[in-house]
Amino acid sequence: MPLFGKKYAADVTAKYNTKELLGKGAFSEVIKAEEKETKRGVAIKIIDKKSLKGKEDALQNEIDVLKKVKHPNIVQLYEIFDDKSRLYLVMELVTGGELFDRIISKGSYTEKDATELIRQVLDALEYLHELGIIHRDLKPENLLYYSPADDSKIMISDFGLSKTIEEGQMDQLGTACGTPGYVAPEVLRRKPYGKAVDVWSIGVISYILLCGYPPFYHENDSELFKQIMRGDYEFDSPYWDTISEQAKDFIRHLMELDARKRYTCRQALEHPWIASGQASEVNIH
Ligand code: ADP
Ligand code: MG
């Protein structure tokens, strides 16, 4: 019996022509495919069910929610298939590549560029938060450009589900996977947490967009955790000397140690650095 999609895996190949591999993770791979009838391109994420062990119910609930998510800056989940060993998530195809790859190759970057990007991400995040969804894994690798066009919108990908799967992996491997650099302090303290964790991550991403390096860094993970839990970051000279006070004020409110005082998405969107549309157009790096 298919558990999730109520559609058998054989239907995937009946409906889609599968093409090249787009990306690969520890328990999943993403392939490009084309819907036969419409010629529409899609991305299919194939997840090994071993990574889900015991989490099927939680996953079913999340999938029900994810199917309702529809926002111009969020990679849409179209449909789900599964068989005994694998889960197939058919998603909107994006072709613009990852956030930082493009910024590195762009040559010039301004505060205005950063605000336009962050505004889109906050907009999508506010929408998810209103639906009661916490992303929990916002990091640059999960922000993808919709198309190769210079003025392409940015898309949030890989949420909800991926975290449940990662938690499954954690049990299995006994260690946390992935980079902790974007994780909010209350998560590291193992305190109950909420939507504010995503806002913290946007703060970290904003910080990197403006100076080109991360706010917390240590070769040793436990030292890195301590830095984060202390909120031990600075706007170092000379790198931040030319960045506006407004931008720094924005980041301080997002990377606020106390989750209760931290800005909500709405407050962040209303901050003058974002809302005024007047951010500096001088090249910063
Ligand atoms: P993981 O959970 O293993 O990180 P992701 O969902 O982030 O898996 O996908 C892994 C890679 O596959 C991404 O880094 C990206 O390159 C590619 N990818 C994922 N989703 C899409 C998509 N909707 N369209 C195009 N490429 C995608
Ligand atoms: Mg990912």
# chains A, B, ... in the order shown; residues from 1 in each chain; ligands from 1
$ residues_near_ligand --ligand "ligand 1" --cutoff "10 Å" --atoms "only C-alpha atoms and all ligand atoms" --output "PyMOL selection string"
chain A and resi 21-32+41-47+74-77+89-98+137+140-147+155-159+161-163+165-166+178
$ write_last_selection --atoms "N, CA and C atoms" --output "short mmCIF file (atom, residue, chain, number, x, y, z; two decimals), in the first residue's frame"
data_model
loop_
_atom_site.label_atom_id
_atom_site.label_comp_id
_atom_site.auth_asym_id
_atom_site.auth_seq_id
_atom_site.Cartn_x
_atom_site.Cartn_y
_atom_site.Cartn_z
N LEU A 21 20.16 13.85 -13.27
CA LEU A 21 20.25 14.09 -11.83
C LEU A 21 20.53 15.58 -11.58
N LEU A 22 19.75 16.17 -10.67
CA LEU A 22 19.96 17.59 -10.35
C LEU A 22 20.78 17.78 -9.08
N GLY A 23 20.61 16.86 -8.14
CA GLY A 23 21.34 17.00 -6.87
C GLY A 23 21.19 15.73 -6.06
N LYS A 24 22.03 15.60 -5.05
CA LYS A 24 22.08 14.35 -4.30
C LYS A 24 22.33 14.66 -2.82
N GLY A 25 21.61 13.99 -1.93
CA GLY A 25 21.88 14.10 -0.50
C GLY A 25 22.16 12.72 0.06
N ALA A 26 22.29 12.61 1.37
CA ALA A 26 22.64 11.33 1.99
C ALA A 26 21.54 10.28 1.76
N PHE A 27 20.28 10.71 1.85
CA PHE A 27 19.17 9.75 1.74
C PHE A 27 18.21 10.11 0.61
N SER A 28 18.63 11.04 -0.24
CA SER A 28 17.72 11.44 -1.31
C SER A 28 18.48 11.87 -2.54
N GLU A 29 17.80 11.79 -3.68
CA GLU A 29 18.34 12.46 -4.85
C GLU A 29 17.21 13.19 -5.57
N VAL A 30 17.60 14.24 -6.29
CA VAL A 30 16.62 15.03 -7.01
C VAL A 30 16.91 14.90 -8.50
N ILE A 31 15.92 14.46 -9.25
CA ILE A 31 16.11 14.34 -10.69
C ILE A 31 15.17 15.27 -11.45
N LYS A 32 15.60 15.65 -12.62
CA LYS A 32 14.77 16.46 -13.50
C LYS A 32 13.85 15.51 -14.26
N GLY A 41 8.36 20.93 -17.18
CA GLY A 41 9.50 20.41 -16.43
C GLY A 41 9.18 20.37 -14.94
N VAL A 42 9.63 19.33 -14.26
CA VAL A 42 9.45 19.22 -12.81
C VAL A 42 10.75 18.69 -12.19
N ALA A 43 10.85 18.81 -10.88
CA ALA A 43 11.95 18.17 -10.16
C ALA A 43 11.32 17.09 -9.29
N ILE A 44 11.89 15.90 -9.31
CA ILE A 44 11.36 14.83 -8.46
C ILE A 44 12.41 14.46 -7.42
N LYS A 45 12.03 14.64 -6.17
CA LYS A 45 12.93 14.27 -5.07
C LYS A 45 12.58 12.86 -4.64
N ILE A 46 13.55 11.98 -4.71
CA ILE A 46 13.34 10.57 -4.35
C ILE A 46 14.01 10.32 -3.01
N ILE A 47 13.18 9.93 -2.04
CA ILE A 47 13.70 9.76 -0.68
C ILE A 47 13.67 8.29 -0.29
N ILE A 74 8.01 30.18 -3.01
CA ILE A 74 8.21 28.87 -2.39
C ILE A 74 8.07 27.78 -3.46
N VAL A 75 9.05 26.90 -3.52
CA VAL A 75 9.00 25.79 -4.48
C VAL A 75 7.78 24.94 -4.16
N GLN A 76 6.91 24.82 -5.14
CA GLN A 76 5.64 24.13 -4.87
C GLN A 76 5.76 22.62 -4.97
N LEU A 77 5.05 21.96 -4.07
CA LEU A 77 4.95 20.50 -4.12
C LEU A 77 3.69 20.16 -4.91
N LEU A 89 8.63 12.91 -4.43
CA LEU A 89 7.97 14.20 -4.31
C LEU A 89 8.13 14.96 -5.62
N VAL A 90 7.03 15.21 -6.30
CA VAL A 90 7.09 15.93 -7.57
C VAL A 90 6.93 17.42 -7.28
N MET A 91 7.95 18.20 -7.63
CA MET A 91 7.99 19.62 -7.26
C MET A 91 8.17 20.52 -8.48
N GLU A 92 7.87 21.76 -8.26
CA GLU A 92 8.15 22.80 -9.23
C GLU A 92 9.66 22.80 -9.54
N LEU A 93 10.00 22.89 -10.81
CA LEU A 93 11.42 22.91 -11.21
C LEU A 93 11.95 24.33 -11.20
N VAL A 94 13.06 24.53 -10.54
CA VAL A 94 13.72 25.84 -10.61
C VAL A 94 15.07 25.66 -11.27
N THR A 95 15.51 26.67 -11.99
CA THR A 95 16.70 26.48 -12.85
C THR A 95 17.79 27.53 -12.64
N GLY A 96 17.61 28.36 -11.61
CA GLY A 96 18.55 29.48 -11.45
C GLY A 96 19.74 29.23 -10.55
N GLY A 97 19.80 28.08 -9.91
CA GLY A 97 20.95 27.79 -9.05
C GLY A 97 20.86 28.37 -7.65
N GLU A 98 21.85 28.05 -6.84
CA GLU A 98 21.82 28.46 -5.43
C GLU A 98 22.21 29.92 -5.23
N ASP A 137 15.11 25.07 8.77
CA ASP A 137 16.37 24.73 8.12
C ASP A 137 16.71 25.75 7.04
N PRO A 140 21.54 29.15 3.05
CA PRO A 140 21.70 29.57 1.65
C PRO A 140 21.49 28.44 0.63
N GLU A 141 21.87 27.21 0.97
CA GLU A 141 21.71 26.10 0.02
C GLU A 141 20.25 25.83 -0.28
N ASN A 142 19.36 26.27 0.60
CA ASN A 142 17.94 26.04 0.39
C ASN A 142 17.22 27.24 -0.21
N LEU A 143 17.99 28.23 -0.64
CA LEU A 143 17.42 29.36 -1.35
C LEU A 143 17.90 29.28 -2.80
N LEU A 144 16.97 29.02 -3.70
CA LEU A 144 17.31 28.77 -5.11
C LEU A 144 16.69 29.85 -6.00
N TYR A 145 17.42 30.27 -7.02
CA TYR A 145 16.85 31.22 -7.98
C TYR A 145 15.91 30.48 -8.93
N TYR A 146 14.80 31.12 -9.21
CA TYR A 146 13.78 30.53 -10.06
C TYR A 146 14.30 30.27 -11.47
N SER A 147 15.02 31.24 -12.03
CA SER A 147 15.52 31.12 -13.40
C SER A 147 16.90 31.76 -13.51
N MET A 155 13.58 31.54 -4.39
CA MET A 155 12.60 30.55 -3.93
C MET A 155 13.13 29.81 -2.70
N ILE A 156 12.25 29.65 -1.72
CA ILE A 156 12.59 28.79 -0.59
C ILE A 156 12.29 27.35 -0.99
N SER A 157 13.24 26.45 -0.75
CA SER A 157 13.00 25.04 -1.05
C SER A 157 13.29 24.20 0.18
N ASP A 158 12.94 22.94 0.10
CA ASP A 158 13.46 21.97 1.06
C ASP A 158 13.05 22.27 2.51
N PHE A 159 11.76 22.37 2.79
CA PHE A 159 11.39 22.67 4.18
C PHE A 159 10.46 21.61 4.76
N LEU A 161 9.47 18.78 5.60
CA LEU A 161 9.86 17.40 5.34
C LEU A 161 11.30 17.09 5.64
N SER A 162 12.17 17.93 5.08
CA SER A 162 13.59 17.62 5.14
C SER A 162 14.05 17.55 6.59
N LYS A 163 13.43 18.38 7.43
CA LYS A 163 13.84 18.40 8.83
C LYS A 163 13.40 17.11 9.53
N ILE A 165 13.07 14.31 8.14
CA ILE A 165 13.96 13.27 7.64
C ILE A 165 15.31 13.37 8.33
N GLU A 166 15.81 14.60 8.45
CA GLU A 166 17.10 14.78 9.11
C GLU A 166 17.06 14.29 10.55
N GLY A 178 24.72 18.28 8.86
CA GLY A 178 24.62 19.62 8.29
C GLY A 178 25.31 20.68 9.12
#
$ select_by_dssp --residues "range 14-188 of chain A" --states "strand (DSSP E)" --output "VMD selection string"
chain A and resid 16 to 24 28 to 35 41 to 48 77 to 82 86 to 92 143 to 145 154 to 156
$ write_last_selection --atoms "N, CA and C atoms" --output "short mmCIF file (atom, residue, chain, number, x, y, z; two decimals), in the first residue's frame"
data_model
loop_
_atom_site.label_atom_id
_atom_site.label_comp_id
_atom_site.auth_asym_id
_atom_site.auth_seq_id
_atom_site.Cartn_x
_atom_site.Cartn_y
_atom_site.Cartn_z
N TYR A 16 5.65 10.72 -16.09
CA TYR A 16 6.81 11.60 -16.29
C TYR A 16 7.93 10.89 -17.02
N ASN A 17 8.61 11.62 -17.92
CA ASN A 17 9.88 11.17 -18.48
C ASN A 17 10.99 11.66 -17.56
N THR A 18 11.74 10.74 -16.99
CA THR A 18 12.81 11.18 -16.08
C THR A 18 14.07 11.53 -16.87
N LYS A 19 14.74 12.56 -16.40
CA LYS A 19 15.95 13.05 -17.09
C LYS A 19 17.14 13.02 -16.15
N GLU A 20 17.98 14.06 -16.22
CA GLU A 20 19.26 13.98 -15.49
C GLU A 20 19.12 14.25 -13.98
N LEU A 21 20.16 13.85 -13.27
CA LEU A 21 20.25 14.09 -11.83
C LEU A 21 20.53 15.58 -11.58
N LEU A 22 19.75 16.17 -10.67
CA LEU A 22 19.96 17.59 -10.35
C LEU A 22 20.78 17.78 -9.08
N GLY A 23 20.61 16.86 -8.14
CA GLY A 23 21.34 17.00 -6.87
C GLY A 23 21.19 15.73 -6.06
N LYS A 24 22.03 15.60 -5.05
CA LYS A 24 22.08 14.35 -4.30
C LYS A 24 22.33 14.66 -2.82
N SER A 28 18.63 11.04 -0.24
CA SER A 28 17.72 11.44 -1.31
C SER A 28 18.48 11.87 -2.54
N GLU A 29 17.80 11.79 -3.68
CA GLU A 29 18.34 12.46 -4.85
C GLU A 29 17.21 13.19 -5.57
N VAL A 30 17.60 14.24 -6.29
CA VAL A 30 16.62 15.03 -7.01
C VAL A 30 16.91 14.90 -8.50
N ILE A 31 15.92 14.46 -9.25
CA ILE A 31 16.11 14.34 -10.69
C ILE A 31 15.17 15.27 -11.45
N LYS A 32 15.60 15.65 -12.62
CA LYS A 32 14.77 16.46 -13.50
C LYS A 32 13.85 15.51 -14.26
N ALA A 33 12.64 15.97 -14.53
CA ALA A 33 11.71 15.14 -15.30
C ALA A 33 10.76 16.04 -16.06
N GLU A 34 10.03 15.43 -16.98
CA GLU A 34 9.08 16.20 -17.78
C GLU A 34 7.73 15.49 -17.75
N GLU A 35 6.70 16.24 -17.47
CA GLU A 35 5.36 15.67 -17.51
C GLU A 35 5.02 15.38 -18.96
N GLY A 41 8.36 20.93 -17.18
CA GLY A 41 9.50 20.41 -16.43
C GLY A 41 9.18 20.37 -14.94
N VAL A 42 9.63 19.33 -14.26
CA VAL A 42 9.45 19.22 -12.81
C VAL A 42 10.75 18.69 -12.19
N ALA A 43 10.85 18.81 -10.88
CA ALA A 43 11.95 18.17 -10.16
C ALA A 43 11.32 17.09 -9.29
N ILE A 44 11.89 15.90 -9.31
CA ILE A 44 11.36 14.83 -8.46
C ILE A 44 12.41 14.46 -7.42
N LYS A 45 12.03 14.64 -6.17
CA LYS A 45 12.93 14.27 -5.07
C LYS A 45 12.58 12.86 -4.64
N ILE A 46 13.55 11.98 -4.71
CA ILE A 46 13.34 10.57 -4.35
C ILE A 46 14.01 10.32 -3.01
N ILE A 47 13.18 9.93 -2.04
CA ILE A 47 13.70 9.76 -0.68
C ILE A 47 13.67 8.29 -0.29
N ASP A 48 14.79 7.81 0.23
CA ASP A 48 14.89 6.44 0.70
C ASP A 48 14.08 6.31 1.99
N LEU A 77 5.05 21.96 -4.07
CA LEU A 77 4.95 20.50 -4.12
C LEU A 77 3.69 20.16 -4.91
N TYR A 78 3.85 19.46 -6.04
CA TYR A 78 2.70 19.16 -6.89
C TYR A 78 2.00 17.87 -6.46
N GLU A 79 2.76 16.80 -6.36
CA GLU A 79 2.13 15.53 -5.98
C GLU A 79 3.16 14.55 -5.44
N ILE A 80 2.66 13.49 -4.85
CA ILE A 80 3.52 12.53 -4.17
C ILE A 80 3.17 11.12 -4.59
N PHE A 81 4.21 10.33 -4.84
CA PHE A 81 4.04 8.90 -5.10
C PHE A 81 4.89 8.13 -4.11
N ASP A 82 4.55 6.88 -3.86
CA ASP A 82 5.53 6.08 -3.13
C ASP A 82 5.36 4.60 -3.39
N ARG A 86 10.70 3.70 -1.45
CA ARG A 86 10.99 5.10 -1.80
C ARG A 86 9.75 5.99 -1.80
N LEU A 87 10.04 7.28 -1.58
CA LEU A 87 9.01 8.32 -1.65
C LEU A 87 9.39 9.27 -2.78
N TYR A 88 8.43 9.63 -3.61
CA TYR A 88 8.71 10.51 -4.75
C TYR A 88 7.93 11.80 -4.59
N LEU A 89 8.63 12.91 -4.43
CA LEU A 89 7.97 14.20 -4.31
C LEU A 89 8.13 14.96 -5.62
N VAL A 90 7.03 15.21 -6.30
CA VAL A 90 7.09 15.93 -7.57
C VAL A 90 6.93 17.42 -7.28
N MET A 91 7.95 18.20 -7.63
CA MET A 91 7.99 19.62 -7.26
C MET A 91 8.17 20.52 -8.48
N GLU A 92 7.87 21.76 -8.26
CA GLU A 92 8.15 22.80 -9.23
C GLU A 92 9.66 22.80 -9.54
N LEU A 143 17.99 28.23 -0.64
CA LEU A 143 17.42 29.36 -1.35
C LEU A 143 17.90 29.28 -2.80
N LEU A 144 16.97 29.02 -3.70
CA LEU A 144 17.31 28.77 -5.11
C LEU A 144 16.69 29.85 -6.00
N TYR A 145 17.42 30.27 -7.02
CA TYR A 145 16.85 31.22 -7.98
C TYR A 145 15.91 30.48 -8.93
N ILE A 154 13.72 34.76 -5.95
CA ILE A 154 14.36 33.72 -5.15
C ILE A 154 13.27 32.81 -4.57
N MET A 155 13.58 31.54 -4.39
CA MET A 155 12.60 30.55 -3.93
C MET A 155 13.13 29.81 -2.70
N ILE A 156 12.25 29.65 -1.72
CA ILE A 156 12.59 28.79 -0.59
C ILE A 156 12.29 27.35 -0.99
#
$ residues_around --residues "Trp200 in chain A" --least-positions-apart "6" --cutoff "8 Å" --atoms "only C-alpha atoms" --output "PyMOL selection string"
chain A and resi 182-184+254-256+262
$ write_last_selection --atoms "C-alpha atoms" --output "PDB file, in the first residue's frame"
ATOM      1  CA  TYR A 182      22.371  29.145  10.934  1.00  0.00           C
ATOM      2  CA  VAL A 183      20.691  27.515  13.926  1.00  0.00           C
ATOM      3  CA  ALA A 184      19.070  29.766  16.549  1.00  0.00           C
ATOM      4  CA  LEU A 254      16.823  39.487  13.765  1.00  0.00           C
ATOM      5  CA  MET A 255      19.898  38.092  15.484  1.00  0.00           C
ATOM      6  CA  GLU A 256      18.416  38.968  18.879  1.00  0.00           C
ATOM      7  CA  ARG A 262      13.358  39.056  18.280  1.00  0.00           C
TER       8      ARG A 262
END
$ residues_around --residues "Ser244 in chain A" --least-positions-apart "5" --cutoff "10 Å" --atoms "only C-alpha atoms" --output "list of chain:residue names"
A:Glu111, A:Asp249, A:Trp273, A:Ala279, A:Ser280
$ write_last_selection --atoms "C-alpha atoms" --output "CSV table (one decimal), in the first residue's frame"
chain,number,residue,atom,x,y,z
A,111,GLU,CA,22.6,46.8,0.0
A,249,ASP,CA,20.0,47.8,13.2
A,273,TRP,CA,15.9,49.2,5.7
A,279,ALA,CA,18.7,51.1,0.5
A,280,SER,CA,22.1,52.1,-0.8
$ atom_distance --atom1 "CA of Gln267 in chain A" --atom2 "CA of Leu122 in chain A"
10.0 Å
$ select_by_dssp --residues "range 35-252 of chain A" --states "helix (DSSP H, G or I)" --output "NGL selection string"
:A and (49-52 or 56-66 or 99-106 or 111-130 or 140-142 or 161-173 or 185-188 or 196-211 or 221-230 or 245-252)
$ residues_around --residues "Ile133 in chain A" --least-positions-apart "2" --cutoff "10 Å" --atoms "only C-alpha atoms" --output "list in words"
Glu62, Val65, Leu66, Val69, Leu125, Glu126, Tyr127, Leu128, His129, Glu130, Leu131, His135, Arg136, Phe159, Gly160, Gly194 and Lys195 of chain A
$ closest_residue --among "A:Lys139, A:Ala196, A:Ile63, A:Ala14" --to "ligand 2" --atoms "only C-alpha atoms and all ligand atoms"
A:Lys139
$ residues_around --residues "Gly181 in chain A" --least-positions-apart "2" --cutoff "9 Å" --atoms "only C-alpha atoms" --output "ChimeraX atom specification"
/A:139,179,183-184,201,204,214-217,224-225,228
$ closest_residue --among "A:His218, A:Arg260, A:Lys67, A:Arg252" --to "Glu234 in chain A" --atoms "only C-alpha atoms"
A:Arg252
$ residues_around --residues "Asp123 in chain A" --least-positions-apart "5" --cutoff "8 Å" --atoms "only C-alpha atoms" --output "NGL selection string"
:A and (73 or 265 or 269)
$ atom_distance --atom1 "CA of Ser276 in chain A" --atom2 "CA of Thr242 in chain A"
19.3 Å
$ closest_residue --among "A:Asp221, A:Glu116, A:Glu281, A:Asp241" --to "Leu188 in chain A" --atoms "only C-alpha atoms"
A:Asp221
$ closest_atom_pairs --of "range 181-285 of chain A" --to "range 100-108 of chain A" --cutoff "8 Å" --atoms "only C-alpha atoms" --output "Markdown table"
| residue | atom | partner | partner_atom | distance |
| --- | --- | --- | --- | --- |
| A:Asn283 | CA | A:Ser108 | CA | 5.7 |
| A:Ile284 | CA | A:Ser108 | CA | 7.3 |
| A:His285 | CA | A:Ser108 | CA | 6.2 |
